[in-house]
Structure formats: structure tokens, C-alpha cells
Amino acid sequence: MSILATDAIVLHAFDYRETSRIVRLATRDAGVVSAIARGARRPKSKFGSAFDLFTSGVAQLAMHPTGDLHALNAFDTTRTRPQLGASLGRFGAAEALSEVCMRFGQEDDSGRVFEAAERALDKIGQAAPEQVAEAAMAGLWHFVAGLGFAPSLDACASCHAPLDAEAPVTFHHRAGGALCPACARRAAGGRTLPAVARATIATWLDGRDAAIADDASARAHRRLLREFLEEHVGDGRALRAFVSWEELRPAPAKAAPR
Ligand SMILES: [Zn+2]
């Protein structure tokens, strides 16, 4: 086994047998990995509370040469993210993000998932309640772009004809983006994407922030992204945490008057 010390974020953790925990980590140097923390559930475990979700730290991993379950020898926490548990909106968004990281993540990904997860989790944690959804959407679409899955938005995904920036288009998940009117007529399915929503997604793909006008648009954006991810994850399983986040009622912009 080779030993590796790498920056990591806890994406998921669950109990294993009597005394252990299994964690899924996004790491800078080994991609997304699963590791067993032996003895983590014993009282006075050296791991302490290191496996709070979305905690960053330095993981000491003993890498299994052939298997996909490595051993976590130590985890030194560098930062926790308690603000992500402070509201349902933030927690739901962070869980959706972590699910996407695990589903897309692979070992040896050059740290792309780690960097995207860290950036997006911080964005979600710092966002005002009414901006959590757009912060998460920005992080997720930028993540999609970083993985090389960005949908085609300014040219037809099928025939590559340029698309009118002012016009609504048909967004077709399987085709991989927006379709021109002629290709849209030939392709079954697809969703109508208004020009403003298309421009917003392009901004997010670019790694910049964009505001969402209202709750209905926020829901439509989440649904479109979830369907796109499910199409491109390609393992046929629904993104359950993402669905829960999608169904969350939006946070009120202001406290209700008493
Ligand atoms: Zn076309």
C-alpha cells in the first residue's frame, strides 16, 4: 500500500460494522475515494468528530493497490462548515452538490471534483438565504463545465448552426444542449428554454454569478440541471438528494411580519 497525505472534503460518511466508519472523500490528489476509518466509532477515537459532513482536512490514506476501498489512517480537520447546517436550503443544496460529486467523481481526477466542491460549498455557505439556490446552481454548472460536459448553448447541439441569442430554444438533454428549430422538430422531447434562462446558464458555466428572477425560474433551473445530470451520469439512478433539494420550498426573502 502506498501512503498519501492529501487535502480532502468529507462528502458522505456511514457506520460500518461495530466500530468503523466508511467515508467518501473528494481529495486533491486521488480524486473521489472511499476509505474505511477503523475504530472511528470507538470512544476516544483519534478521528474525533472529523466526519461531520462537508468538513475539510488533510487525509492520510493508505491506498489499496487494486481495490476501491482504501484505509484512512488519520484525518486532521482544517475547517468545518457549520453554516451549511444552519438552514434547510443550504443543507439541501450542499447535499445535492455532494451527491453530484460522488456520482460523477472518479479516482485520479486531477483534483477537479475537490476544487469544484470546495468552491461551491463555500459559495453556498456564504450566500444570503434567498441567494442559496443561485449560488448552488452557479457552483453546479461550473462543475459540469469543469468536467467537460458543458451543454451547447449558442450553437445547435446537433447541426452546429448558430442560434439566435434573443430567441427561446429547445433544450434537449440527450442531444447535449440547445437545438435549432429544424433539429428540434426532428428530435422528440426537450424543454423550451427562454433566452434569459439560456444566458443565465451560460454565465454560470463560465464560473460567474447570475441572479434568478423568481421561484418558478429557480425551480425550472433546478429541474433542467437535474435532468441534464441524470442523462449524463448515465447509470440510470435518480439523483435523490438533488430531487429533495428541488422539492424544498424556497426560503422567504424576509422574515414574516409578526
Ligand atoms: Zn440544428
# chains A, B, ... in the order shown; residues from 1 in each chain; ligands from 1
$ select_by_dssp --residues "segment 137-235 of chain A" --states "strand (DSSP E or B)" --output "MDAnalysis selection string"
chainID A and resid 152 155 162 169:172 177:179 191:193
$ closest_atom_pairs --of "chain A" --to "ligand 1" --cutoff "9 Å" --atoms "only C-alpha atoms and all ligand atoms" --output "JSON lines"
{"residue": "A:Ala155", "atom": "CA", "partner": "ligand 1", "partner_atom_place_in_ligand_line": "1 (Zn)", "distance": 7.9}
{"residue": "A:Cys156", "atom": "CA", "partner": "ligand 1", "partner_atom_place_in_ligand_line": "1 (Zn)", "distance": 4.6}
{"residue": "A:Ala157", "atom": "CA", "partner": "ligand 1", "partner_atom_place_in_ligand_line": "1 (Zn)", "distance": 6.6}
{"residue": "A:Ser158", "atom": "CA", "partner": "ligand 1", "partner_atom_place_in_ligand_line": "1 (Zn)", "distance": 5.0}
{"residue": "A:Cys159", "atom": "CA", "partner": "ligand 1", "partner_atom_place_in_ligand_line": "1 (Zn)", "distance": 4.0}
{"residue": "A:His160", "atom": "CA", "partner": "ligand 1", "partner_atom_place_in_ligand_line": "1 (Zn)", "distance": 5.9}
{"residue": "A:Ala161", "atom": "CA", "partner": "ligand 1", "partner_atom_place_in_ligand_line": "1 (Zn)", "distance": 5.7}
{"residue": "A:Pro162", "atom": "CA", "partner": "ligand 1", "partner_atom_place_in_ligand_line": "1 (Zn)", "distance": 8.4}
{"residue": "A:Leu163", "atom": "CA", "partner": "ligand 1", "partner_atom_place_in_ligand_line": "1 (Zn)", "distance": 8.7}
{"residue": "A:Ala178", "atom": "CA", "partner": "ligand 1", "partner_atom_place_in_ligand_line": "1 (Zn)", "distance": 8.5}
{"residue": "A:Leu179", "atom": "CA", "partner": "ligand 1", "partner_atom_place_in_ligand_line": "1 (Zn)", "distance": 5.3}
{"residue": "A:Cys180", "atom": "CA", "partner": "ligand 1", "partner_atom_place_in_ligand_line": "1 (Zn)", "distance": 4.2}
{"residue": "A:Pro181", "atom": "CA", "partner": "ligand 1", "partner_atom_place_in_ligand_line": "1 (Zn)", "distance": 6.8}
{"residue": "A:Ala182", "atom": "CA", "partner": "ligand 1", "partner_atom_place_in_ligand_line": "1 (Zn)", "distance": 5.9}
{"residue": "A:Cys183", "atom": "CA", "partner": "ligand 1", "partner_atom_place_in_ligand_line": "1 (Zn)", "distance": 4.3}
{"residue": "A:Ala184", "atom": "CA", "partner": "ligand 1", "partner_atom_place_in_ligand_line": "1 (Zn)", "distance": 7.1}
$ closest_residue --among "A:Ala5, A:Ala40, A:Glu95, A:Glu107" --to "Val58 of chain A" --atoms "only C-alpha atoms"
A:Ala5
$ residues_around --residues "Thr27 of chain A" --least-positions-apart "2" --cutoff "10 Å" --atoms "only C-alpha atoms" --output "list in words"
Ala5, Thr6, Asp7, Ala8, Ile9, Val10, Arg24, Leu25, Asp29, Ala30, Gly31, Val32, Val33, Ser56, Gly57, Val58, Ala59, Glu107, Asp108, Asp109, Ser110, Gly111, Arg112, Val113, Phe114, Glu115 and Ala117 of chain A
$ closest_residue --among "A:Ala197, A:Ala187, A:Ala145, A:Ile36" --to "Pro168 of chain A" --atoms "only C-alpha atoms"
A:Ala197
$ closest_residue --among "A:Val23, A:Gly146, A:Asp206, A:Pro65" --to "Phe47 of chain A" --atoms "only C-alpha atoms"
A:Val23
$ select_by_dssp --residues "segment 102-200 of chain A" --states "helix (DSSP H, G or I)" --output "PyMOL selection string"
chain A and resi 102-104+112-126+129-146+181-186+195-200
$ closest_residue --among "A:Ala37, A:Cys101, A:Leu11, A:Ala26" --to "Asp52 of chain A" --atoms "only C-alpha atoms"
A:Leu11
$ closest_atom_pairs --of "segment 180-222 of chain A" --to "segment 118-122 of chain A" --cutoff "12 Å" --atoms "only C-alpha atoms" --output "Markdown table"
| residue | atom | partner | partner_atom | distance |
| --- | --- | --- | --- | --- |
| A:Trp204 | CA | A:Ala120 | CA | 11.7 |
| A:Gly207 | CA | A:Ala120 | CA | 10.4 |
| A:Arg208 | CA | A:Ala120 | CA | 11.8 |
| A:Asp209 | CA | A:Ala120 | CA | 11.6 |
$ residues_around --residues "Ser2 of chain A" --least-positions-apart "4" --cutoff "12 Å" --atoms "only C-alpha atoms" --output "ChimeraX atom specification"
/A:30,60-66,70-73
$ write_last_selection --atoms "C-alpha atoms" --output "PDB file, in the first residue's frame"
ATOM      1  CA  ALA A  30      -6.530  10.982  -5.518  1.00  0.00           C
ATOM      2  CA  GLN A  60      -3.730  10.253   5.454  1.00  0.00           C
ATOM      3  CA  LEU A  61      -4.710   7.460   3.112  1.00  0.00           C
ATOM      4  CA  ALA A  62      -3.203   4.024   2.713  1.00  0.00           C
ATOM      5  CA  MET A  63      -4.121   3.395  -0.899  1.00  0.00           C
ATOM      6  CA  HIS A  64      -5.203  -0.119  -1.761  1.00  0.00           C
ATOM      7  CA  PRO A  65      -3.274  -1.150  -4.868  1.00  0.00           C
ATOM      8  CA  THR A  66      -6.171  -2.870  -6.610  1.00  0.00           C
ATOM      9  CA  HIS A  70      -8.711   2.442   0.916  1.00  0.00           C
ATOM     10  CA  ALA A  71      -7.751   2.871   4.562  1.00  0.00           C
ATOM     11  CA  LEU A  72      -7.996   6.239   6.247  1.00  0.00           C
ATOM     12  CA  ASN A  73      -5.255   6.367   8.862  1.00  0.00           C
TER      13      ASN A  73
END
$ residues_around --residues "segment 220-224 of chain A" --least-positions-apart "4" --cutoff "7 Å" --atoms "only C-alpha atoms" --output "list in words"
Ala216, Phe228 and Glu246 of chain A
$ write_last_selection --atoms "C-alpha atoms" --output "mmCIF file, in the first residue's frame"
data_model
loop_
_atom_site.group_PDB
_atom_site.id
_atom_site.type_symbol
_atom_site.label_atom_id
_atom_site.label_comp_id
_atom_site.auth_asym_id
_atom_site.auth_seq_id
_atom_site.Cartn_x
_atom_site.Cartn_y
_atom_site.Cartn_z
ATOM 1 C CA ALA A 216 -40.653 29.490 -10.598
ATOM 2 C CA PHE A 228 -29.184 17.025 -17.615
ATOM 3 C CA GLU A 246 -35.521 20.556 -5.866
#
$ decode --residues "segment 26-100 of chain A" --atoms "C-alpha atoms" --output "mmCIF file, in the first residue's frame"
data_model
loop_
_atom_site.group_PDB
_atom_site.id
_atom_site.type_symbol
_atom_site.label_atom_id
_atom_site.label_comp_id
_atom_site.auth_asym_id
_atom_site.auth_seq_id
_atom_site.Cartn_x
_atom_site.Cartn_y
_atom_site.Cartn_z
ATOM 1 C CA ALA A 26 -13.184 14.320 -2.557
ATOM 2 C CA THR A 27 -9.411 14.642 -2.494
ATOM 3 C CA ARG A 28 -6.993 16.932 -4.267
ATOM 4 C CA ASP A 29 -4.518 14.180 -5.177
ATOM 5 C CA ALA A 30 -6.530 10.982 -5.518
ATOM 6 C CA GLY A 31 -9.925 12.102 -6.823
ATOM 7 C CA VAL A 32 -13.099 10.829 -5.180
ATOM 8 C CA VAL A 33 -12.312 7.841 -2.977
ATOM 9 C CA SER A 34 -13.955 5.581 -0.417
ATOM 10 C CA ALA A 35 -11.976 4.802 2.710
ATOM 11 C CA ILE A 36 -12.534 2.908 5.907
ATOM 12 C CA ALA A 37 -11.719 4.618 9.177
ATOM 13 C CA ARG A 38 -11.144 1.691 11.514
ATOM 14 C CA GLY A 39 -12.100 2.316 15.109
ATOM 15 C CA ALA A 40 -13.724 5.647 14.275
ATOM 16 C CA ARG A 41 -16.777 4.824 16.378
ATOM 17 C CA ARG A 42 -14.840 3.838 19.480
ATOM 18 C CA PRO A 43 -14.959 6.294 22.363
ATOM 19 C CA LYS A 44 -11.792 8.419 22.320
ATOM 20 C CA SER A 45 -11.262 7.630 18.647
ATOM 21 C CA LYS A 46 -8.420 9.625 17.141
ATOM 22 C CA PHE A 47 -10.857 10.732 14.451
ATOM 23 C CA GLY A 48 -12.995 12.680 16.909
ATOM 24 C CA SER A 49 -15.776 14.486 15.056
ATOM 25 C CA ALA A 50 -13.768 14.648 11.846
ATOM 26 C CA PHE A 51 -16.541 13.140 9.778
ATOM 27 C CA ASP A 52 -19.042 15.911 10.031
ATOM 28 C CA LEU A 53 -20.305 16.391 6.507
ATOM 29 C CA PHE A 54 -18.511 18.927 4.333
ATOM 30 C CA THR A 55 -15.516 19.179 6.680
ATOM 31 C CA SER A 56 -12.174 19.943 5.039
ATOM 32 C CA GLY A 57 -8.945 18.444 6.286
ATOM 33 C CA VAL A 58 -5.816 16.526 5.450
ATOM 34 C CA ALA A 59 -6.461 12.829 4.933
ATOM 35 C CA GLN A 60 -3.730 10.253 5.454
ATOM 36 C CA LEU A 61 -4.710 7.460 3.112
ATOM 37 C CA ALA A 62 -3.203 4.024 2.713
ATOM 38 C CA MET A 63 -4.121 3.395 -0.899
ATOM 39 C CA HIS A 64 -5.203 -0.119 -1.761
ATOM 40 C CA PRO A 65 -3.274 -1.150 -4.868
ATOM 41 C CA THR A 66 -6.171 -2.870 -6.610
ATOM 42 C CA GLY A 67 -9.363 -2.431 -4.601
ATOM 43 C CA ASP A 68 -11.564 0.622 -4.324
ATOM 44 C CA LEU A 69 -11.773 0.757 -0.521
ATOM 45 C CA HIS A 70 -8.711 2.442 0.916
ATOM 46 C CA ALA A 71 -7.751 2.871 4.562
ATOM 47 C CA LEU A 72 -7.996 6.239 6.247
ATOM 48 C CA ASN A 73 -5.255 6.367 8.862
ATOM 49 C CA ALA A 74 -5.900 9.915 10.058
ATOM 50 C CA PHE A 75 -7.927 12.975 9.216
ATOM 51 C CA ASP A 76 -6.749 16.345 10.505
ATOM 52 C CA THR A 77 -9.580 18.822 10.252
ATOM 53 C CA THR A 78 -8.665 22.224 8.862
ATOM 54 C CA ARG A 79 -12.151 23.676 8.636
ATOM 55 C CA THR A 80 -15.693 22.729 9.403
ATOM 56 C CA ARG A 81 -18.677 24.265 7.647
ATOM 57 C CA PRO A 82 -21.370 24.583 10.320
ATOM 58 C CA GLN A 83 -23.099 27.305 8.323
ATOM 59 C CA LEU A 84 -24.191 24.641 5.820
ATOM 60 C CA GLY A 85 -26.319 23.024 8.509
ATOM 61 C CA ALA A 86 -27.857 26.312 9.560
ATOM 62 C CA SER A 87 -30.778 26.184 7.135
ATOM 63 C CA LEU A 88 -32.625 23.565 5.132
ATOM 64 C CA GLY A 89 -31.931 25.487 1.959
ATOM 65 C CA ARG A 90 -28.181 25.441 2.489
ATOM 66 C CA PHE A 91 -28.078 21.863 3.676
ATOM 67 C CA GLY A 92 -30.255 20.658 0.800
ATOM 68 C CA ALA A 93 -28.073 22.451 -1.737
ATOM 69 C CA ALA A 94 -24.858 21.119 -0.167
ATOM 70 C CA GLU A 95 -26.210 17.564 -0.131
ATOM 71 C CA ALA A 96 -27.269 17.838 -3.768
ATOM 72 C CA LEU A 97 -23.785 19.058 -4.648
ATOM 73 C CA SER A 98 -22.115 16.303 -2.681
ATOM 74 C CA GLU A 99 -24.289 13.685 -4.375
ATOM 75 C CA VAL A 100 -23.282 15.011 -7.786
#
